[in-house]
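Asker: Got coords29.pdb for you, PDB, C-alpha atoms:
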```
ATOM      1  CA  MET A 891      40.781   7.587  14.665
ATOM      2  CA  SER A 892      42.828  10.742  14.909
ATOM      3  CA  PRO A 893      42.239  13.324  17.644
ATOM      4  CA  VAL A 894      41.582  16.011  15.039
ATOM      5  CA  ARG A 895      38.748  13.970  13.554
ATOM      6  CA  LEU A 896      37.261  13.344  17.007
ATOM      7  CA  ILE A 897      37.388  17.055  17.790
ATOM      8  CA  SER A 898      35.746  17.876  14.458
ATOM      9  CA  TYR A 899      32.956  15.349  15.142
ATOM     10  CA  ALA A 900      32.435  16.834  18.610
ATOM     11  CA  GLY A 901      32.277  20.313  17.101
ATOM     12  CA  LEU A 902      29.782  19.132  14.496
ATOM     13  CA  GLY A 903      27.663  17.601  17.253
ATOM     14  CA  VAL A 904      27.615  20.882  19.158
ATOM     15  CA  LEU A 905      26.827  22.751  15.942
ATOM     16  CA  GLY A 906      23.934  20.369  15.227
ATOM     17  CA  ALA A 907      22.539  20.958  18.727
ATOM     18  CA  VAL A 908      22.879  24.740  18.396
ATOM     19  CA  THR A 909      21.177  24.598  14.996
ATOM     20  CA  ALA A 910      18.281  22.679  16.546
ATOM     21  CA  LEU A 911      17.943  25.183  19.374
ATOM     22  CA  THR A 912      17.997  28.208  17.085
ATOM     23  CA  GLY A 913      15.650  26.524  14.623
ATOM     24  CA  THR A 914      13.230  25.795  17.439
ATOM     25  CA  LEU A 915      13.187  29.464  18.402
ATOM     26  CA  VAL A 916      13.074  30.858  14.851
ATOM     27  CA  HIS A 917      10.660  28.554  13.021
ATOM     28  CA  ALA A 918       7.551  29.992  14.645
ATOM     29  CA  ALA A 919       8.796  33.549  15.133
ATOM     30  CA  TRP A 920       9.036  34.463  11.449
ATOM     31  CA  PHE A 921       6.639  32.023   9.817
ATOM     32  CA  PRO A 922       7.069  30.879   6.993
ATOM     33  CA  GLY A 923      10.495  32.430   6.406
ATOM     34  CA  GLY A 924      11.803  31.278   9.776
ATOM     35  CA  LEU A 925      10.714  27.713   9.045
ATOM     36  CA  LEU A 926      12.544  27.712   5.724
ATOM     37  CA  LEU A 927      15.591  29.279   7.365
ATOM     38  CA  ALA A 928      15.616  26.651  10.129
ATOM     39  CA  LEU A 929      15.336  23.762   7.657
ATOM     40  CA  ALA A 930      18.012  25.272   5.412
ATOM     41  CA  GLY A 931      20.308  25.604   8.415
ATOM     42  CA  THR A 932      19.788  21.941   9.251
ATOM     43  CA  ALA A 933      20.660  20.894   5.713
ATOM     44  CA  ALA A 934      23.676  23.212   5.632
ATOM     45  CA  VAL A 935      25.127  21.798   8.849
ATOM     46  CA  CYS A 936      24.710  18.197   7.683
ATOM     47  CA  VAL A 937      26.069  18.694   4.169
ATOM     48  CA  GLY A 938      28.825  20.995   5.436
ATOM     49  CA  GLY A 939      29.903  18.389   7.980
ATOM     50  CA  SER A 940      30.055  15.773   5.253
ATOM     51  CA  LEU A 941      32.157  17.995   3.021
ATOM     52  CA  LEU A 942      34.408  19.023   5.904
ATOM     53  CA  THR A 943      35.248  15.500   7.033
ATOM     54  CA  ARG A 944      34.676  13.783   3.655
ATOM     55  CA  THR A 945      32.757  11.005   5.395
ATOM     56  CA  ARG A 946      29.105  10.152   5.849
ATOM     57  CA  ALA A 947      29.663  10.314   9.600
ATOM     58  CA  GLY A 948      30.348  14.025   9.171
ATOM     59  CA  ALA A 949      26.722  14.425   8.123
ATOM     60  CA  ALA A 950      25.327  11.828  10.527
ATOM     61  CA  VAL A 951      26.805  13.335  13.711
ATOM     62  CA  PRO A 952      25.073  16.739  13.400
ATOM     63  CA  ALA A 953      21.902  14.998  12.190
ATOM     64  CA  VAL A 954      21.753  12.818  15.302
ATOM     65  CA  ALA A 955      22.617  15.749  17.567
ATOM     66  CA  TRP A 956      19.902  17.830  15.884
ATOM     67  CA  SER A 957      17.293  15.088  16.285
ATOM     68  CA  LEU A 958      18.119  14.401  19.939
ATOM     69  CA  THR A 959      18.100  18.102  20.802
ATOM     70  CA  VAL A 960      14.734  18.669  19.115
ATOM     71  CA  LEU A 961      13.240  15.655  20.896
ATOM     72  CA  VAL A 962      14.498  16.925  24.268
ATOM     73  CA  LEU A 963      13.124  20.404  23.553
ATOM     74  CA  LEU A 964       9.817  18.864  22.495
ATOM     75  CA  VAL A 965       9.122  17.361  25.907
ATOM     76  CA  TRP A 966      10.769  20.125  27.976
ATOM     77  CA  THR A 967       8.281  22.350  29.799
ATOM     78  CA  ARG A 968       8.516  24.882  32.581
ATOM     79  CA  PRO A 969       6.494  24.660  35.803
ATOM     80  CA  GLU A 970       4.333  27.523  34.536
ATOM     81  CA  GLY A 971       3.212  25.347  31.605
ATOM     82  CA  ASP A 972       5.272  27.064  28.898
ATOM     83  CA  PHE A 973       6.707  24.981  26.079
ATOM     84  CA  LEU A 974       8.681  25.638  22.896
ATOM     85  CA  PHE A 975       6.580  23.777  20.331
ATOM     86  CA  GLY A 976       3.009  24.761  19.634
ATOM     87  CA  THR A 977       0.331  22.758  17.896
ATOM     88  CA  ALA A 978       0.545  24.733  14.677
ATOM     89  CA  LEU A 979       1.372  23.138  11.338
ATOM     90  CA  GLY A 980       4.762  24.873  11.240
ATOM     91  CA  SER A 981       5.950  23.034  14.346
ATOM     92  CA  TYR A 982       5.119  19.666  12.825
ATOM     93  CA  VAL A 983       6.776  20.594   9.541
ATOM     94  CA  PHE A 984       9.901  21.667  11.426
ATOM     95  CA  LEU A 985       9.965  18.508  13.542
ATOM     96  CA  TYR A 986       9.257  15.882  10.894
ATOM     97  CA  GLY A 987      10.659  17.785   7.933
ATOM     98  CA  GLY A 988      13.904  18.423   9.778
ATOM     99  CA  MET A 989      14.277  14.770  10.692
ATOM    100  CA  VAL A 990      13.601  13.633   7.141
ATOM    101  CA  LEU A 991      16.000  16.260   5.820
ATOM    102  CA  ALA A 992      18.719  15.216   8.272
ATOM    103  CA  VAL A 993      18.352  11.557   7.308
ATOM    104  CA  ILE A 994      18.461  12.404   3.613
ATOM    105  CA  CYS A 995      21.582  14.526   4.057
ATOM    106  CA  ALA A 996      23.281  11.831   6.133
ATOM    107  CA  THR A 997      22.590   9.059   3.620
ATOM    108  CA  VAL A 998      22.980  10.901   0.330
ATOM    109  CA  ALA A 999      25.911  13.143   1.235
ATOM    110  CA  PRO A1000      28.963  12.408  -0.901
ATOM    111  CA  PRO A1001      31.736  10.742   1.109
ATOM    112  CA  GLY A1002      34.408  11.614  -1.438
ATOM    113  CA  GLY A1003      34.465  15.388  -1.122
ATOM    114  CA  LEU A1004      33.431  17.943  -3.699
ATOM    115  CA  ARG A1005      31.435  16.651  -6.654
ATOM    116  CA  PHE A1006      32.517  19.091  -9.330
ATOM    117  CA  GLY A1007      36.111  19.733  -8.331
ATOM    118  CA  GLY A1008      39.212  18.600 -10.108
ATOM    119  CA  PRO A1009      40.435  18.459 -13.664
ATOM    120  CA  GLY A1010      38.299  17.407 -16.585
ATOM    121  CA  ASP A1011      34.877  18.331 -17.821
ATOM    122  CA  LEU A1012      31.712  18.487 -15.715
ATOM    123  CA  ALA A1013      31.114  14.748 -16.085
ATOM    124  CA  GLY A1014      34.459  14.054 -14.403
ATOM    125  CA  ARG A1015      36.218  12.670 -17.469
ATOM    126  CA  PRO A1016      39.904  13.609 -17.758
ATOM    127  CA  GLN A1017      40.894  15.821 -20.653
TER     128      GLN A1017
END
```
Could you render the structure from this file as structure tokens?
Answerer:
Amino acid sequence: MSPVRLISYAGLGVLGAVTALTGTLVHAAWFPGGLLLALAGTAAVCVGGSLLTRTRAGAAVPAVAWSLTVLVLLVWTRPEGDFLFGTALGSYVFLYGGMVLAVICATVAPPGGLRFGGPGDLAGRPQ
């Protein structure tokens, strides 16, 4: 594996973790718009990573980093008793919906690059 690809996977992992952290802070702050924004950001990072690297691993790396970061933030508390996730419905939708969305993006993402690029008509037939 080339060093450029390893660096891009590392960058995608960091981007997935940052997306999880910002989504955790935003999903409850501007409900329901923040929840939709956080889930859209998760999908954008996963699909963008797949299109950038043209592999399924490009979507899987940020998805795994997102999931691990959210799970760590879920159990992290301060000595004062503060925590980042409440017991509201939005927190559960962000947690489970984000994981389902990340898995879907990692398994369905096209490994071959752009779907509608190249010569020919929209069905991909050459002219």
Asker: Can you tell me, as a PyMOL selection string, what residues are no more than 7 Å from stretch 992-997 of chain A when counting all atoms listed in the file, ignoring any on the same chain fewer than 5 positions away?
Answerer: chain A and resi 932-933+936-937+946+949-950+953
Asker: Calculate how many Å separate atom CA of A:Leu991 from atom CA of A:Thr945, rounding to one decimal.
Answerer: 17.6 Å
Asker: Go through stretch 964-1000 of chain A residue by residue and, counting all atoms listed in the file, keep those with an atom at most 12 Å from stretch 910-915 of chain A; for each kept residue give the shortest atom pair and its distance in Å to one decimal, ordered by chain and increasing number, as a tab-separated table.
Answerer:
```
residue	atom	partner	partner_atom	distance
A:Leu964	CA	A:Thr914	CA	9.2
A:Phe973	CA	A:Thr914	CA	10.9
A:Leu974	CA	A:Thr914	CA	7.1
A:Phe975	CA	A:Thr914	CA	7.5
A:Gly976	CA	A:Thr914	CA	10.5
A:Gly980	CA	A:Thr914	CA	10.5
A:Ser981	CA	A:Thr914	CA	8.4
A:Tyr982	CA	A:Thr914	CA	11.2
A:Val983	CA	A:Thr914	CA	11.4
A:Phe984	CA	A:Thr914	CA	8.0
A:Leu985	CA	A:Thr914	CA	8.9
A:Gly988	CA	A:Ala910	CA	9.1
A:Met989	CA	A:Ala910	CA	10.6
A:Ala992	CA	A:Ala910	CA	11.2
```
Asker: List the residues matched by the PyMOL selection byres ((chain A and resi 902) around 9) in the displayed structure as an MDAnalysis selection string, ordered by chain and then by residue number.
Answerer: chainID A and resid 897:901 903:907 935:936 939 948:949 951:952 955
Asker: Could you tell me which residues the PyMOL selection byres ((chain A and resi 925) around 9) grabs in this file, written as a PyMOL selection string?
Answerer: chain A and resi 913-914+916-924+926-930+980-981+983-984
Asker: Name the closest residue to A:Arg895 among the candidates A:Thr959, A:Leu942, A:Val990, A:Gly931; distances are taken between atoms, counting only C-alpha atoms.
Answerer: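 Among the listed residues, the smallest separation from A:Arg895 belongs to A:Leu942.
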Asker: Any idea what the distance is between atom CA of A:Leu963 and atom CA of A:Leu979?
Answerer: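 These two atoms are separated by 17.2 Å.
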Asker: Just the number, please: distance in Å from atom CA of A:Tyr986 to atom CA of A:Ser957, one decimal.
Answerer: 9.7 Å
Asker: So for stretch 949-957 of chain A, what box centre and size do we get, axis-aligned, 8 Å extra on each of the six sides, every listed atom, Å to one decimal, as lines of an AutoDock Vina configuration file?
Answerer:
```
center_x = 22.0
center_y = 14.8
center_z = 12.8
size_x = 25.5
size_y = 22.0
size_z = 25.4
```
Asker: Export stretch 906-969 of chain A of the preceding structure, keeping C-alpha atoms, as an mmCIF file, in the first residue's frame.
Answerer:
```cif
data_model
loop_
_atom_site.group_PDB
_atom_site.id
_atom_site.type_symbol
_atom_site.label_atom_id
_atom_site.label_comp_id
_atom_site.auth_asym_id
_atom_site.auth_seq_id
_atom_site.Cartn_x
_atom_site.Cartn_y
_atom_site.Cartn_z
ATOM 1 C CA GLY A 906 -14.563 10.767 10.933
ATOM 2 C CA ALA A 907 -13.637 11.379 14.582
ATOM 3 C CA VAL A 908 -14.037 15.151 14.213
ATOM 4 C CA THR A 909 -17.406 14.631 12.521
ATOM 5 C CA ALA A 910 -18.523 12.478 15.450
ATOM 6 C CA LEU A 911 -17.405 15.076 17.978
ATOM 7 C CA THR A 912 -19.112 17.958 16.199
ATOM 8 C CA GLY A 913 -22.235 15.885 15.602
ATOM 9 C CA THR A 914 -22.366 15.035 19.287
ATOM 10 C CA LEU A 915 -22.278 18.721 20.179
ATOM 11 C CA VAL A 916 -24.673 19.899 17.451
ATOM 12 C CA HIS A 917 -27.392 17.236 17.383
ATOM 13 C CA ALA A 918 -29.051 18.392 20.589
ATOM 14 C CA ALA A 919 -28.218 22.090 20.324
ATOM 15 C CA TRP A 920 -30.354 22.826 17.264
ATOM 16 C CA PHE A 921 -32.923 20.041 17.340
ATOM 17 C CA PRO A 922 -34.137 18.803 14.798
ATOM 18 C CA GLY A 923 -31.975 20.705 12.307
ATOM 19 C CA GLY A 924 -28.776 19.895 14.177
ATOM 20 C CA LEU A 925 -29.631 16.194 14.156
ATOM 21 C CA LEU A 926 -30.179 16.225 10.404
ATOM 22 C CA LEU A 927 -26.983 18.219 9.920
ATOM 23 C CA ALA A 928 -24.976 15.764 12.040
ATOM 24 C CA LEU A 929 -26.322 12.733 10.160
ATOM 25 C CA ALA A 930 -25.743 14.417 6.797
ATOM 26 C CA GLY A 931 -22.168 15.174 7.820
ATOM 27 C CA THR A 932 -21.621 11.526 8.703
ATOM 28 C CA ALA A 933 -22.926 10.397 5.327
ATOM 29 C CA ALA A 934 -20.880 13.039 3.508
ATOM 30 C CA VAL A 935 -17.626 11.977 5.163
ATOM 31 C CA CYS A 936 -18.207 8.295 4.388
ATOM 32 C CA VAL A 937 -19.306 8.754 0.779
ATOM 33 C CA GLY A 938 -16.654 11.423 0.192
ATOM 34 C CA GLY A 939 -13.950 9.099 1.503
ATOM 35 C CA SER A 940 -15.142 6.376 -0.834
ATOM 36 C CA LEU A 941 -15.098 8.701 -3.822
ATOM 37 C CA LEU A 942 -11.717 10.136 -2.849
ATOM 38 C CA THR A 943 -9.937 6.799 -2.548
ATOM 39 C CA ARG A 944 -12.203 4.848 -4.944
ATOM 40 C CA THR A 945 -12.329 1.965 -2.474
ATOM 41 C CA ARG A 946 -14.835 0.723 0.064
ATOM 42 C CA ALA A 947 -12.163 1.150 2.726
ATOM 43 C CA GLY A 948 -12.341 4.887 2.070
ATOM 44 C CA ALA A 949 -15.885 4.809 3.428
ATOM 45 C CA ALA A 950 -15.220 2.202 6.117
ATOM 46 C CA VAL A 951 -12.329 4.040 7.807
ATOM 47 C CA PRO A 952 -14.307 7.199 8.692
ATOM 48 C CA ALA A 953 -17.322 5.041 9.591
ATOM 49 C CA VAL A 954 -15.301 3.030 12.105
ATOM 50 C CA ALA A 955 -13.622 6.159 13.470
ATOM 51 C CA TRP A 956 -17.037 7.820 13.817
ATOM 52 C CA SER A 957 -18.516 4.820 15.636
ATOM 53 C CA LEU A 958 -15.584 4.431 18.035
ATOM 54 C CA THR A 959 -15.542 8.146 18.834
ATOM 55 C CA VAL A 960 -19.284 8.230 19.529
ATOM 56 C CA LEU A 961 -19.021 5.165 21.770
ATOM 57 C CA VAL A 962 -16.160 6.751 23.737
ATOM 58 C CA LEU A 963 -18.108 10.005 24.087
ATOM 59 C CA LEU A 964 -21.165 8.039 25.193
ATOM 60 C CA VAL A 965 -19.478 6.652 28.293
ATOM 61 C CA TRP A 966 -17.278 9.695 29.027
ATOM 62 C CA THR A 967 -18.427 11.714 32.039
ATOM 63 C CA ARG A 968 -16.885 14.402 34.184
ATOM 64 C CA PRO A 969 -16.521 14.124 37.967
#
```
